[in-house]
Every structure is written in structure tokens, then in C-alpha cells.
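Reproduced below: target_17.cif, with mmCIF, C-alpha atoms.
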data_model
loop_
_atom_site.label_atom_id
_atom_site.label_comp_id
_atom_site.auth_asym_id
_atom_site.auth_seq_id
_atom_site.Cartn_x
_atom_site.Cartn_y
_atom_site.Cartn_z
CA MET A 1 1.13 -21.51 -9.74
CA PRO A 2 3.86 -20.26 -12.11
CA GLN A 3 5.59 -18.11 -9.50
CA PRO A 4 8.36 -16.57 -11.67
CA ARG A 5 5.74 -15.27 -14.07
CA PHE A 6 3.93 -13.36 -11.35
CA GLU A 7 7.20 -12.26 -9.77
CA ARG A 8 8.13 -10.49 -12.99
CA LEU A 9 4.68 -8.91 -13.14
CA SER A 10 4.97 -7.94 -9.50
CA GLU A 11 8.35 -6.24 -10.03
CA ARG A 12 7.04 -4.40 -13.07
CA LEU A 13 4.02 -3.08 -11.18
CA LEU A 14 6.05 -2.04 -8.16
CA LYS A 15 8.59 -0.21 -10.32
CA SER A 16 5.73 1.53 -12.08
CA GLY A 17 4.41 2.86 -8.79
CA ILE A 18 1.50 0.56 -7.92
CA ALA A 19 1.14 0.35 -4.14
CA PRO A 20 2.77 -2.80 -2.68
CA ARG A 21 -0.46 -3.84 -0.91
CA HIS A 22 -2.34 -3.82 -4.23
CA VAL A 23 0.47 -5.70 -5.99
CA ARG A 24 0.64 -8.37 -3.27
CA ARG A 25 -3.10 -8.90 -3.34
CA TYR A 26 -3.25 -8.88 -7.16
CA VAL A 27 -0.55 -11.53 -7.42
CA ARG A 28 -2.21 -13.68 -4.76
CA GLU A 29 -5.58 -13.37 -6.47
CA LEU A 30 -4.06 -14.20 -9.85
CA GLY A 31 -2.43 -17.28 -8.33
CA ASP A 32 -5.73 -18.44 -6.84
CA HIS A 33 -7.56 -17.73 -10.09
CA PHE A 34 -4.93 -19.69 -12.02
CA ASP A 35 -5.41 -22.67 -9.67
CA ASP A 36 -9.19 -22.49 -10.16
CA LEU A 37 -8.82 -22.37 -13.94
CA VAL A 38 -6.43 -25.34 -13.95
CA ARG A 39 -8.90 -27.27 -11.80
CA GLU A 40 -11.73 -26.38 -14.17
CA GLU A 41 -9.73 -27.41 -17.24
CA THR A 42 -8.54 -30.71 -15.75
CA ALA A 43 -12.11 -31.47 -14.63
CA GLY A 44 -13.08 -30.96 -18.26
CA GLY A 45 -10.61 -33.66 -19.28
CA ALA A 46 -7.50 -31.66 -20.21
CA ALA A 47 -4.07 -32.99 -19.25
CA ARG A 48 -2.24 -30.96 -16.57
CA GLU A 49 0.18 -29.26 -18.99
CA LEU A 50 -2.59 -28.31 -21.42
CA ALA A 51 -4.78 -27.15 -18.55
CA GLU A 52 -2.03 -24.81 -17.34
CA THR A 53 -1.47 -23.41 -20.84
CA ARG A 54 -5.19 -22.77 -21.23
CA ALA A 55 -5.40 -21.27 -17.76
CA LEU A 56 -2.59 -18.83 -18.53
CA TYR A 57 -4.26 -17.87 -21.80
CA ARG A 58 -7.58 -17.26 -20.08
CA LEU A 59 -5.93 -15.27 -17.33
CA GLY A 60 -4.38 -12.85 -19.83
CA ASN A 61 -0.85 -12.06 -20.93
CA ASP A 62 1.63 -10.07 -18.85
CA ASP A 63 1.13 -6.86 -20.80
CA ASP A 64 -2.66 -6.96 -20.40
CA LEU A 65 -2.42 -7.83 -16.72
CA ALA A 66 0.06 -5.01 -16.11
CA GLU A 67 -1.81 -2.49 -18.25
CA ALA A 68 -5.08 -3.18 -16.42
CA MET A 69 -3.39 -2.22 -13.16
CA LEU A 70 -1.36 0.70 -14.53
CA SER A 71 -4.42 2.31 -16.09
CA ARG A 72 -5.78 2.87 -12.56
CA PRO A 73 -3.88 5.85 -11.10
CA GLU A 74 -5.76 5.48 -7.82
CA LEU A 75 -3.86 2.24 -7.19
CA ARG A 76 -0.51 4.06 -7.22
CA SER A 77 1.15 4.59 -3.85
CA LEU A 78 1.65 7.96 -2.23
CA ALA A 79 5.43 7.49 -2.44
CA ALA A 80 5.23 6.89 -6.20
CA ARG A 81 2.89 9.81 -6.80
CA PHE A 82 4.60 12.34 -4.56
CA PRO A 83 8.17 11.15 -3.90
CA TRP A 84 9.32 14.69 -3.13
CA ALA A 85 6.71 14.87 -0.35
CA VAL A 86 7.42 11.45 1.12
CA PHE A 87 11.22 11.57 0.94
CA GLY A 88 11.73 15.35 1.02
CA LEU A 89 9.12 16.71 3.41
CA GLY A 90 8.41 13.36 5.09
CA PRO A 91 11.64 13.31 7.15
CA ILE A 92 10.99 16.83 8.43
CA ALA A 93 7.37 16.01 9.30
CA LEU A 94 8.34 12.71 10.95
CA LEU A 95 11.02 14.34 13.08
CA ALA A 96 8.77 17.25 14.05
CA LEU A 97 5.88 14.95 14.99
CA GLY A 98 8.15 12.46 16.76
CA PHE A 99 9.87 15.22 18.70
CA ALA A 100 6.57 16.91 19.59
CA ALA A 101 5.08 13.57 20.73
CA ALA A 102 8.14 12.74 22.85
CA LEU A 103 8.10 16.22 24.39
CA ALA A 104 4.37 16.10 25.11
CA ALA A 105 4.71 12.67 26.71
CA GLU A 106 7.65 13.87 28.79
CA ILE A 107 5.74 16.91 30.00
CA GLY A 108 2.84 14.57 30.84
CA ILE A 109 5.13 12.29 32.84
CA ILE A 110 6.59 15.26 34.73
CA GLU A 111 3.13 16.70 35.48
CA LEU A 112 1.84 13.31 36.64
CA ALA A 113 4.88 12.74 38.85
CA THR A 114 4.52 16.23 40.34
CA ALA A 115 0.81 15.77 41.01
CA TYR A 116 0.80 12.17 42.19
CA GLY A 117 4.44 11.59 43.17
CA SER A 118 3.69 11.51 46.88
CA ALA A 119 0.97 8.89 46.30
CA ILE A 120 3.59 6.46 45.00
CA GLY A 121 6.13 7.38 47.64
CA LEU A 122 8.15 9.94 45.66
CA LYS A 123 9.22 12.71 47.98
CA PRO A 124 11.09 15.76 46.67
CA GLY A 125 14.80 15.36 47.33
CA PRO A 126 18.09 14.35 45.75
CA ASP A 127 17.23 10.61 45.58
CA ALA A 128 13.90 11.13 43.84
CA ALA A 129 15.51 13.71 41.54
CA ARG A 130 18.29 11.27 40.58
CA TRP A 131 15.80 8.46 39.94
CA PHE A 132 13.50 10.71 37.95
CA THR A 133 16.36 12.14 35.89
CA ARG A 134 17.50 8.61 35.01
CA VAL A 135 14.03 7.60 33.86
CA LEU A 136 13.75 10.65 31.64
CA LEU A 137 17.31 10.17 30.38
CA VAL A 138 16.26 6.77 29.02
CA TRP A 139 13.17 8.35 27.47
CA ASN A 140 15.18 11.19 25.91
CA THR A 141 17.81 8.81 24.60
CA PHE A 142 15.12 6.89 22.74
CA ALA A 143 13.57 10.09 21.43
CA VAL A 144 16.82 11.71 20.38
CA TYR A 145 19.05 8.81 19.33
CA PHE A 146 16.75 5.97 18.29
CA ALA A 147 13.77 7.80 16.80
CA PRO A 148 15.72 9.29 13.84
CA LEU A 149 17.17 5.84 13.09
CA ALA A 150 13.70 4.28 13.34
CA PHE A 151 12.37 6.92 10.94
CA ALA A 152 15.29 6.24 8.59
CA ALA A 153 14.43 2.52 8.67
CA LEU A 154 10.78 3.35 7.94
CA LEU A 155 11.71 5.50 4.93
CA TYR A 156 14.07 2.80 3.67
CA LEU A 157 11.31 0.20 4.01
CA VAL A 158 8.75 2.36 2.20
CA GLY A 159 11.20 3.15 -0.60
CA SER A 160 12.56 -0.34 -1.11
CA ARG A 161 9.12 -1.99 -1.01
CA GLN A 162 7.99 0.42 -3.71
CA ARG A 163 11.24 -0.15 -5.69
CA MET A 164 11.85 3.61 -5.64
CA ARG A 165 14.93 5.05 -7.26
CA PRO A 166 17.79 4.84 -4.72
CA ALA A 167 18.29 8.60 -4.98
CA TRP A 168 14.90 9.20 -3.32
CA ILE A 169 15.58 6.71 -0.52
CA VAL A 170 19.06 8.12 0.09
CA THR A 171 17.59 11.64 0.23
CA GLY A 172 14.97 10.65 2.81
CA VAL A 173 17.32 8.60 4.97
CA ALA A 174 20.09 11.22 4.86
CA LEU A 175 17.69 14.05 5.72
CA VAL A 176 16.25 12.26 8.72
CA CYS A 177 19.72 11.20 9.93
CA ILE A 178 21.19 14.69 9.59
CA LEU A 179 18.25 16.72 10.89
CA GLY A 180 17.62 14.20 13.67
CA GLY A 181 21.23 14.54 14.80
CA PHE A 182 20.88 18.24 15.42
CA GLN A 183 17.96 18.09 17.88
CA ASN A 184 18.21 17.32 21.57
CA LEU A 185 15.99 16.85 24.62
CA ILE A 186 17.56 17.14 28.06
CA PHE A 187 16.05 16.85 31.54
CA TYR A 188 17.80 17.42 34.83
CA ASP A 189 16.61 17.95 38.36
CA THR A 190 18.64 19.11 41.34
CA GLY A 191 16.13 17.90 43.91
CA CYS A 192 14.36 20.97 45.20
CA ARG A 193 10.71 21.61 44.36
CA GLY A 194 10.48 23.41 41.02
CA CYS A 195 14.14 22.77 40.17
CA GLY A 196 13.51 20.37 37.27
CA HIS A 197 14.66 21.64 33.89
CA LEU A 198 13.49 20.40 30.52
CA LEU A 199 15.63 21.70 27.67
CA VAL A 200 14.76 21.53 24.01
CA GLN A 201 17.86 22.17 21.93
CA SER A 202 18.45 22.58 18.25
CA ALA A 203 21.99 22.91 17.00
CA PHE A 204 20.69 25.05 14.15
CA ILE A 205 19.79 27.93 16.46
CA PRO A 206 22.38 30.77 16.56
CA PRO A 207 24.95 31.17 18.01
CA PHE A 208 25.21 27.39 17.35
CA PRO A 209 26.70 26.26 20.67
CA HIS A 210 25.86 22.61 19.98
CA PHE A 211 26.71 22.53 16.28
CA ALA A 212 29.81 20.32 16.63
CA GLU A 213 27.85 17.82 18.72
CA GLY A 214 25.09 17.88 16.08
CA VAL A 215 27.59 17.17 13.31
CA ALA A 216 29.01 14.25 15.29
CA ARG A 217 25.55 12.77 15.96
CA ALA A 218 24.46 13.26 12.34
CA ALA A 219 27.64 11.48 11.21
CA MET A 220 26.95 8.66 13.65
CA ASN A 221 23.35 8.34 12.39
CA LEU A 222 24.56 8.28 8.79
CA ALA A 223 27.19 5.65 9.59
CA ILE A 224 24.66 3.39 11.33
CA ALA A 225 22.06 3.81 8.57
CA GLY A 226 24.75 3.24 5.92
CA GLY A 227 25.87 0.09 7.71
CA PHE A 228 22.38 -1.34 7.78
CA TRP A 229 21.91 -0.40 4.13
CA TRP A 230 25.14 -2.16 3.18
CA LEU A 231 24.08 -5.28 5.11
CA SER A 232 20.67 -5.29 3.46
CA VAL A 233 22.18 -4.91 -0.04
CA ARG A 234 24.59 -7.76 0.68
CA LYS A 235 21.76 -9.95 1.99
CA ARG A 236 19.64 -9.27 -1.07
CA ALA A 237 22.57 -9.94 -3.42
CA SER A 238 23.34 -13.28 -1.77
CA ALA A 239 19.62 -14.23 -1.86
CA ALA A 240 19.50 -13.42 -5.58
CA MET A 241 22.67 -15.44 -6.13
CA ALA A 242 21.23 -18.41 -4.24
CA LEU A 243 18.02 -18.17 -6.29
CA SER A 244 19.89 -18.10 -9.59
CA HIS A 245 22.10 -20.99 -8.41
CA THR A 246 18.95 -23.02 -7.56
CA ALA A 247 17.47 -22.17 -10.96
CA GLN A 248 20.65 -23.33 -12.75
CA THR A 249 20.82 -26.62 -10.86
CA MET O 1 -10.53 -1.08 -21.24
CA PRO O 2 -9.70 -3.00 -18.10
CA LEU O 3 -12.27 -5.77 -18.00
CA ALA O 4 -13.49 -6.89 -21.35
CA GLU O 5 -12.06 -7.64 -24.70
CA MET O 6 -15.03 -6.86 -26.86
CA HIS O 7 -15.49 -7.79 -30.48
CA ALA O 8 -13.39 -5.66 -32.77
CA SER O 9 -16.42 -3.55 -33.74
CA MET O 10 -17.01 -2.69 -30.07
CA ALA O 11 -13.41 -2.04 -29.13
CA ASN O 12 -13.66 1.76 -29.05
CA PRO O 13 -12.75 2.64 -25.45
CA SER O 14 -15.28 5.47 -25.31
CA PHE O 15 -18.01 2.91 -25.87
CA MET O 16 -16.62 0.79 -23.06
CA ASN O 17 -16.44 3.53 -20.40
CA GLY O 18 -18.20 2.28 -17.31
CA VAL O 19 -18.93 -1.20 -18.71
CA PRO O 20 -16.54 -3.12 -16.42
CA GLU O 21 -17.89 -1.28 -13.39
CA LEU O 22 -21.48 -1.87 -14.49
CA LEU O 23 -20.95 -5.60 -15.00
CA ILE O 24 -19.04 -6.06 -11.76
CA LEU O 25 -21.45 -4.06 -9.62
CA ARG O 26 -24.52 -5.65 -11.22
CA THR O 27 -23.16 -9.16 -10.77
CA LEU O 28 -22.01 -8.55 -7.21
CA SER O 29 -25.36 -6.98 -6.32
CA THR O 30 -26.73 -10.52 -6.24
CA GLY O 31 -24.32 -11.52 -3.48
CA GLU O 32 -20.64 -11.50 -2.47
CA MET O 33 -18.22 -13.39 -4.70
CA TYR O 34 -14.50 -13.93 -5.17
CA GLY O 35 -12.73 -13.14 -8.44
CA TYR O 36 -13.02 -16.47 -10.24
CA GLU O 37 -16.66 -16.83 -9.22
CA LEU O 38 -17.38 -13.30 -10.43
CA VAL O 39 -15.79 -13.84 -13.84
CA GLN O 40 -17.75 -17.05 -14.39
CA ALA O 41 -20.95 -15.26 -13.36
CA ILE O 42 -20.28 -12.41 -15.80
CA ARG O 43 -19.63 -14.91 -18.59
CA ALA O 44 -22.88 -16.68 -17.83
CA ARG O 45 -24.90 -13.46 -17.50
CA THR O 46 -23.63 -12.04 -20.80
CA ASN O 47 -24.00 -15.38 -22.60
CA GLN O 48 -20.22 -15.17 -23.21
CA ALA O 49 -20.77 -12.24 -25.59
CA ILE O 50 -18.18 -10.32 -23.59
CA LYS O 51 -14.91 -12.17 -23.57
CA VAL O 52 -13.11 -11.42 -20.38
CA GLY O 53 -9.34 -11.45 -19.95
CA GLU O 54 -10.00 -13.02 -16.60
CA GLY O 55 -7.02 -11.66 -14.68
CA VAL O 56 -7.80 -8.06 -15.50
CA VAL O 57 -10.97 -8.07 -13.42
CA TYR O 58 -8.91 -7.61 -10.24
CA PRO O 59 -7.61 -4.08 -10.88
CA ALA O 60 -11.22 -3.02 -11.49
CA LEU O 61 -12.21 -4.65 -8.19
CA HIS O 62 -9.36 -2.95 -6.33
CA ALA O 63 -10.25 0.42 -7.84
CA LEU O 64 -13.94 0.04 -7.00
CA GLU O 65 -12.98 -0.85 -3.46
CA SER O 66 -10.69 2.19 -3.25
CA ASP O 67 -13.62 4.33 -4.37
CA GLY O 68 -15.82 2.84 -1.66
CA MET O 69 -18.16 1.04 -4.11
CA LEU O 70 -17.09 -2.40 -2.89
CA ARG O 71 -15.87 -3.87 0.35
CA SER O 72 -13.76 -6.98 0.65
CA ARG O 73 -13.15 -9.57 3.32
CA ARG O 74 -11.00 -12.64 3.56
CA LYS O 75 -12.81 -15.90 4.04
CA LEU O 76 -11.43 -19.37 4.53
CA VAL O 77 -13.13 -21.78 2.13
CA ASN O 78 -12.00 -25.40 1.76
CA GLY O 79 -8.66 -24.60 3.35
CA ARG O 80 -8.01 -21.63 1.05
CA THR O 81 -8.28 -17.97 1.88
CA ARG O 82 -10.41 -16.15 -0.65
CA VAL O 83 -11.01 -12.43 -0.99
CA TYR O 84 -14.75 -11.93 -1.26
CA TYR O 85 -16.16 -8.70 -2.66
CA ALA O 86 -19.58 -7.20 -1.94
CA VAL O 87 -21.34 -4.02 -3.06
CA THR O 88 -21.62 -1.17 -0.58
CA ARG O 89 -24.52 1.29 -0.33
CA LYS O 90 -22.48 3.80 -2.30
CA GLY O 91 -21.87 1.11 -4.92
CA GLU O 92 -25.61 0.39 -5.16
CA LYS O 93 -26.33 4.06 -5.81
CA HIS O 94 -23.56 4.22 -8.41
CA LEU O 95 -24.90 1.06 -10.07
CA ALA O 96 -28.38 2.58 -10.33
CA GLY O 97 -26.85 5.59 -12.09
CA LEU O 98 -24.83 3.40 -14.45
CA VAL O 99 -27.88 1.31 -15.30
CA ARG O 100 -29.89 4.44 -16.12
CA HIS O 101 -27.04 5.76 -18.25
CA TRP O 102 -26.69 2.51 -20.18
CA GLN O 103 -30.42 2.12 -20.70
CA HIS O 104 -30.44 5.63 -22.12
CA ILE O 105 -27.61 4.73 -24.50
CA THR O 106 -29.14 1.43 -25.62
CA ASP O 107 -32.49 3.16 -26.15
CA ALA O 108 -30.77 5.79 -28.24
CA ILE O 109 -28.94 3.17 -30.31
CA GLY O 110 -32.20 1.28 -30.68
CA LEU O 111 -33.77 4.44 -32.01
CA ALA O 112 -30.87 5.06 -34.36
CA ILE O 113 -30.98 1.61 -35.91
CA GLY O 114 -34.77 1.46 -35.68
CA GLY O 115 -34.73 -2.21 -34.94
CA THR O 116 -36.45 -2.55 -31.60
CA ALA O 117 -40.08 -2.48 -30.62
CA HIS O 118 -39.23 0.14 -27.98
CA ALA O 119 -37.58 2.31 -30.60
CA ALA O 120 -40.47 1.90 -33.01
CA THR O 121 -42.91 3.00 -30.33
CA ALA O 122 -40.78 5.94 -29.49
CA LEU O 123 -40.52 6.96 -33.12
#
Let me see the file written as C-alpha cells.
Amino acid sequence: MPQPRFERLSERLLKSGIAPRHVRRYVRELGDHFDDLVREETAGGAARELAETRALYRLGNDDDLAEAMLSRPELRSLAARFPWAVFGLGPIALLALGFAAALAAEIGIIELATAYGSAIGLKPGPDAARWFTRVLLVWNTFAVYFAPLAFAALLYLVGSRQRMRPAWIVTGVALVCILGGFQNLIFYDTGCRGCGHLLVQSAFIPPFPHFAEGVARAAMNLAIAGGFWWLSVRKRASAAMALSHTAQT
Amino acid sequence: MPLAEMHASMANPSFMNGVPELLILRTLSTGEMYGYELVQAIRARTNQAIKVGEGVVYPALHALESDGMLRSRRKLVNGRTRVYYAVTRKGEKHLAGLVRHWQHITDAIGLAIGGTAHAATAL
């Protein structure tokens, strides 16, 4: 299979907005079809080189192959069709859903522990309160610190797989890092029955008592995301260099 | 015109609307096939009158699948994974509509050129 030929086609389709899953499958199917055509031509008596030339001719040229795909708007990805929604509204929706899911799960855990705590040997008191607070601290740390970074990674993955313009990816990643930094979930329990407190904080709510903390967390998120981005760009650059070096030698 | 490269006289896209879908659905209605198999079957069925740029059949297949007319599944055959396509119930209904539409058109053209027995009877 002439891989570089389909790689160019693949890049062209991705940059034009065709969904990565369709591009991957198209390229794989073209490769299989090419192999079948070569087999058919060689079985008919053609030499390998001639069989490959004929197979490529029968398969169609790059422009025809690309045009056939590009003329089907339904094969375009959501990110390519509505980048403002995916990278503009997407971060807000992801954070809201993620936060709501984490909060709902936390309330569920608290309700379950309250209802069935005695069945598993949890008796109200300072020890149980300390243990329970620790468990929910781990949960909240994941929800508050790791979830925005996971969403940033998801947006980066979606954007880079679709070969989106970097401006869109940067917008999505920055939004999720900044907005995610300004939200907080806190649980504490002093040990008496009914003394557990679950706080949902947003540093955007006046009189902005947690704004400085939000800025610091947003900056930390941006620094971590930026670091991963830099590493990924470096990795891709060195892979491209290695590929071109292999091609030259 | 995603599937076929017709003769120059038939290259008007408006004449080709629905042809790729019709050929694909009709051919696949006989049983599931993978791309290469499908293209060879279309060539055989049309007596090679329709010259297919073989690679361009796949976007039509993907689009038909997106529309729910086809379903696909991976199948391991002789050590290779193939994507097999089959017509769905929705696809069968759509095919019946396409066939009616094309029969209407060919009847009308037959009438216009006055060259078919069917047209002569109708006239």
C-alpha cells in the first residue's frame, strides 16, 4: 500500500473537516481495495510495478478521492461544523456537567453513608468524621483540580485529531483551565450528627472572597496544560524529523 | 457525482442525482459485500457501461450508513479485516422509491425518443 499517498489524502480530508473516524476508515478501505486491485492485476499477468500503477489509476486520483468525501457534508465532524460550539460553549458545558455530576455523586455518597453508615460500622463521632472528610477530600480534589485538566486534554485531543486551527484549540483549553480554576467543592464534618457541610464555591460570585485563589488555580491549570502542549509539539516535531531523516536515507 | 464517471454525454450532475445510491443499494440488496466486491458487482451488473472511479464508492457508503440506509460490520476473512456493508430496512424502502423514480424517468425518456416498445404502447 502506498502509505505516503494516503497520508497526504488523510491530512487533506482532516484539515477540510471530515471526521477523523471517517478518514481513518476511508484510508484503511482504500488500502485494502488497492491490495485487492494489485492482486487482481498480477493474477491477470501484470508485473508488480505495472499492477500497482493500474491499481492506483483504477482507484482514482487524489483530487477525485478527496472531492468524493468533501462533497458529503454529513461526513464532517461536529468540531469542524460548529467550532464555536465545541471550543467556545463546550468548555462551559463540560465544566457544568462535570461539576454537577461530581456534586450529585458526592451528595449520593453522603446520603448513603448517613443511611447505611451504622451497617458498615461507621458511628457518628470525630474519627468517622475525619475519615469521611478525607474520602470526600480526595473526591473533591479530583473533581476540582483534575477534571478541568482532563477536559482540557479532551478538547486538545478533539482539536488536534481534526487538525483544527490552533486558535480554536487554545480558546477551548484556556476557557476550561480558567473557568475550572474558579470553581470549588469543599466538604467538612465536625463529628456531630448533622454537622457535615458541603460547600459549592465560585470565585466569580460577589464579593469575590476566593478570587485570588481562583486566579492562582487558573494560572496553575494554564501552566500545566501549556507544559503538556509544549511536550506534545516537541514530540511531534521530533517524530516528523525522524520520518524525514528516514525518507532521506 | 461521487460514484460514477459516466460518458461525457451523461456527465450532467442533475442526471446523476441518486444514481450512486441506487446502484449501491440495489447491488447490496442481494447480500452484504465489502467495497472491492461491491465495485466489481456494479461493473458486472451494468456491463461496465458505468465506469467507476473505484475509490470514490466509499464516501457514498459512509454517507448511506450515516443516513441509516446501510449498516456495516467488521469481519475477518483470510486473515484480513474487511468492512462489510448490508442494506437496512430503511435502505430497502429508500431503494424502492429510487427504483420507482428511475423507472419513471427512463419511461419518460423512452417516450421522448420513441424508441422502446413500452413507449410505443404508451403513445
Study note, to complete from the structure: Between atom CA of Ala237 of chain A and atom CA of Leu154 of chain A lies a distance of 21.1 Å
Practice item. Determine the nearest neighbour of chain A from the options O:Arg71, O:Arg80, O:His94, O:Arg26, counting only C-alpha atoms. Key: O:Arg80
Point to revise | Selection dump of the PyMOL selection byres ((chain A and resi 163-178) around 7), as a list in words | key: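 Answer for the PyMOL selection byres ((chain A and resi 163-178) around 7): Leu14, Lys15, Phe87, Gly88, Pro91, Ile92, Pro148, Leu149, Phe151, Ala152, Leu155, Tyr156, Gly159, Ser160, Arg161, Gln162, Leu179, Gly180, Gly181, Phe182, Ala218, Asn221 and Leu222 of chain A.
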Draw an axis-aligned box over all listed atoms of segment 47-62 of chain O, pad each side with 8 Å, and write its centre and edge lengths in Å, one decimal, as AutoDock Vina command-line options.
--center_x -15.5 --center_y -9.2 --center_z -16.0 --size_x 33.0 --size_y 28.4 --size_z 35.3
Review point. So what does the PyMOL selection byres ((chain A and resi 201) around 6) actually pick up in this one, as number ranges by chain?
Key: A: 183-184, 200, 202
Check your understanding: Near Leu70 of chain O, counting all atoms listed in the file, which residues have an atom at most 8 Å away, once you skip same-chain residues fewer than 5 positions from it, shown as a PyMOL selection string?
Key -> chain O and resi 61+64-65+85-88+91
Exercise for review: With a cut-off of 8 Å and counting all atoms listed in the file, select all residues of chain A in contact with chain O and give the selection as an MDAnalysis selection string.
Suggested key: chainID A and resid 22 26 29:30 33 36 58:60 64:65 67:69 71:72 74:75
Since we have the selection now, will you write its residues out, keeping C-alpha atoms, as a short mmCIF file (atom, residue, chain, number, x, y, z; two decimals), in the frame of the given file?
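Saved file part.cif follows:
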data_model
loop_
_atom_site.label_atom_id
_atom_site.label_comp_id
_atom_site.auth_asym_id
_atom_site.auth_seq_id
_atom_site.Cartn_x
_atom_site.Cartn_y
_atom_site.Cartn_z
CA HIS A 22 -2.34 -3.82 -4.23
CA TYR A 26 -3.25 -8.88 -7.16
CA GLU A 29 -5.58 -13.37 -6.47
CA LEU A 30 -4.06 -14.20 -9.85
CA HIS A 33 -7.56 -17.73 -10.09
CA ASP A 36 -9.19 -22.49 -10.16
CA ARG A 58 -7.58 -17.26 -20.08
CA LEU A 59 -5.93 -15.27 -17.33
CA GLY A 60 -4.38 -12.85 -19.83
CA ASP A 64 -2.66 -6.96 -20.40
CA LEU A 65 -2.42 -7.83 -16.72
CA GLU A 67 -1.81 -2.49 -18.25
CA ALA A 68 -5.08 -3.18 -16.42
CA MET A 69 -3.39 -2.22 -13.16
CA SER A 71 -4.42 2.31 -16.09
CA ARG A 72 -5.78 2.87 -12.56
CA GLU A 74 -5.76 5.48 -7.82
CA LEU A 75 -3.86 2.24 -7.19
#
Exercise for review: Tell me, in Å to one decimal, how far atom CA of Asn78 of chain O is from atom CA of Pro20 of chain A.
Suggested key: 27.4 Å
Practice item. May I have the residues within 10 Å of Leu98 of chain O as a VMD selection string, using only C-alpha atoms and disregarding those fewer than 3 positions away in the same chain? Key: chain O and resid 18 to 19 21 to 23 25 to 26 92 to 95 101 to 104
Review point. Which value, in Å to one decimal, gives the distance between atom CA of Glu41 of chain A and atom CA of Gln48 of chain O?
Key: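 Separation of atom CA of Glu41 of chain A and atom CA of Gln48 of chain O: 17.2 Å.
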Review point. Taking all atoms listed in the file into account, which of A:Ala203, A:Ile224, A:Cys195, A:Ala105 comes nearest Tyr145 of chain A?
Key: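 For Tyr145 of chain A, the nearest of the given residues is A:Ile224.
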Check your understanding: Which residues come within 12 Å of Thr141 of chain A, counting all atoms listed in the file, excluding same-chain residues fewer than 3 positions away, as a list in words?
Key ->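 What passes the distance filter is Phe99, Ala102, Thr133, Arg134, Val135, Leu136, Leu137, Val138, Val144, Tyr145, Phe146, Ala147, Pro148, Leu149, Gly181, Gln183, Asn184, Leu185, Ile186 and Phe187 of chain A.
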Review point. Counting all atoms listed in the file, which of O:Ile109, O:Gln40, O:Ala49, O:Thr30 gets nearest to Leu37 of chain A?
Key: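 Checking each of O:Ile109, O:Gln40, O:Ala49, O:Thr30 against Leu37 of chain A, counting all atoms listed in the file, the winner is O:Gln40.
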**Study point:** Explicit residues for the PyMOL selection byres ((chain A and resi 103) around 10) (as a VMD selection string)
**Key:** chain A and resid 97 to 102 104 to 109 139 to 140 143 185 198 to 200
Complete the atom set of segment 94-113 of chain A to N, CA and C atoms and return it as a PDB file, keeping the file's coordinate frame.
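out25.pdb, freshly written:
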ATOM      1  N   LEU A  94       8.169  13.813   9.996  1.00  0.00           N
ATOM      2  CA  LEU A  94       8.340  12.710  10.950  1.00  0.00           C
ATOM      3  C   LEU A  94       9.096  13.164  12.190  1.00  0.00           C
ATOM      4  N   LEU A  95      10.210  13.877  11.947  1.00  0.00           N
ATOM      5  CA  LEU A  95      11.020  14.340  13.080  1.00  0.00           C
ATOM      6  C   LEU A  95      10.246  15.321  13.952  1.00  0.00           C
ATOM      7  N   ALA A  96       9.524  16.246  13.291  1.00  0.00           N
ATOM      8  CA  ALA A  96       8.770  17.250  14.050  1.00  0.00           C
ATOM      9  C   ALA A  96       7.688  16.574  14.893  1.00  0.00           C
ATOM     10  N   LEU A  97       6.955  15.647  14.262  1.00  0.00           N
ATOM     11  CA  LEU A  97       5.880  14.950  14.990  1.00  0.00           C
ATOM     12  C   LEU A  97       6.447  14.083  16.104  1.00  0.00           C
ATOM     13  N   GLY A  98       7.525  13.355  15.779  1.00  0.00           N
ATOM     14  CA  GLY A  98       8.150  12.460  16.760  1.00  0.00           C
ATOM     15  C   GLY A  98       8.662  13.253  17.960  1.00  0.00           C
ATOM     16  N   PHE A  99       9.304  14.380  17.653  1.00  0.00           N
ATOM     17  CA  PHE A  99       9.870  15.220  18.700  1.00  0.00           C
ATOM     18  C   PHE A  99       8.758  15.820  19.564  1.00  0.00           C
ATOM     19  N   ALA A 100       7.701  16.297  18.871  1.00  0.00           N
ATOM     20  CA  ALA A 100       6.570  16.910  19.590  1.00  0.00           C
ATOM     21  C   ALA A 100       5.897  15.865  20.481  1.00  0.00           C
ATOM     22  N   ALA A 101       5.729  14.637  19.960  1.00  0.00           N
ATOM     23  CA  ALA A 101       5.080  13.570  20.730  1.00  0.00           C
ATOM     24  C   ALA A 101       5.917  13.203  21.950  1.00  0.00           C
ATOM     25  N   ALA A 102       7.246  13.098  21.733  1.00  0.00           N
ATOM     26  CA  ALA A 102       8.140  12.740  22.850  1.00  0.00           C
ATOM     27  C   ALA A 102       8.110  13.830  23.922  1.00  0.00           C
ATOM     28  N   LEU A 103       8.106  15.079  23.456  1.00  0.00           N
ATOM     29  CA  LEU A 103       8.100  16.220  24.390  1.00  0.00           C
ATOM     30  C   LEU A 103       6.791  16.258  25.178  1.00  0.00           C
ATOM     31  N   ALA A 104       5.681  16.058  24.444  1.00  0.00           N
ATOM     32  CA  ALA A 104       4.370  16.100  25.110  1.00  0.00           C
ATOM     33  C   ALA A 104       4.270  14.983  26.145  1.00  0.00           C
ATOM     34  N   ALA A 105       4.764  13.799  25.778  1.00  0.00           N
ATOM     35  CA  ALA A 105       4.710  12.670  26.710  1.00  0.00           C
ATOM     36  C   ALA A 105       5.581  12.960  27.930  1.00  0.00           C
ATOM     37  N   GLU A 106       6.726  13.572  27.681  1.00  0.00           N
ATOM     38  CA  GLU A 106       7.650  13.870  28.790  1.00  0.00           C
ATOM     39  C   GLU A 106       7.031  14.901  29.747  1.00  0.00           C
ATOM     40  N   ILE A 107       6.408  15.904  29.160  1.00  0.00           N
ATOM     41  CA  ILE A 107       5.740  16.910  30.000  1.00  0.00           C
ATOM     42  C   ILE A 107       4.629  16.234  30.807  1.00  0.00           C
ATOM     43  N   GLY A 108       3.909  15.317  30.159  1.00  0.00           N
ATOM     44  CA  GLY A 108       2.840  14.570  30.840  1.00  0.00           C
ATOM     45  C   GLY A 108       3.384  13.772  32.011  1.00  0.00           C
ATOM     46  N   ILE A 109       4.519  13.105  31.771  1.00  0.00           N
ATOM     47  CA  ILE A 109       5.130  12.290  32.840  1.00  0.00           C
ATOM     48  C   ILE A 109       5.527  13.195  34.018  1.00  0.00           C
ATOM     49  N   ILE A 110       6.142  14.341  33.682  1.00  0.00           N
ATOM     50  CA  ILE A 110       6.590  15.260  34.730  1.00  0.00           C
ATOM     51  C   ILE A 110       5.387  15.791  35.537  1.00  0.00           C
ATOM     52  N   GLU A 111       4.330  16.163  34.798  1.00  0.00           N
ATOM     53  CA  GLU A 111       3.130  16.700  35.480  1.00  0.00           C
ATOM     54  C   GLU A 111       2.505  15.636  36.380  1.00  0.00           C
ATOM     55  N   LEU A 112       2.430  14.420  35.865  1.00  0.00           N
ATOM     56  CA  LEU A 112       1.840  13.310  36.640  1.00  0.00           C
ATOM     57  C   LEU A 112       2.661  13.048  37.899  1.00  0.00           C
ATOM     58  N   ALA A 113       4.003  13.025  37.708  1.00  0.00           N
ATOM     59  CA  ALA A 113       4.880  12.740  38.850  1.00  0.00           C
ATOM     60  C   ALA A 113       4.774  13.855  39.897  1.00  0.00           C
TER      61      ALA A 113
END
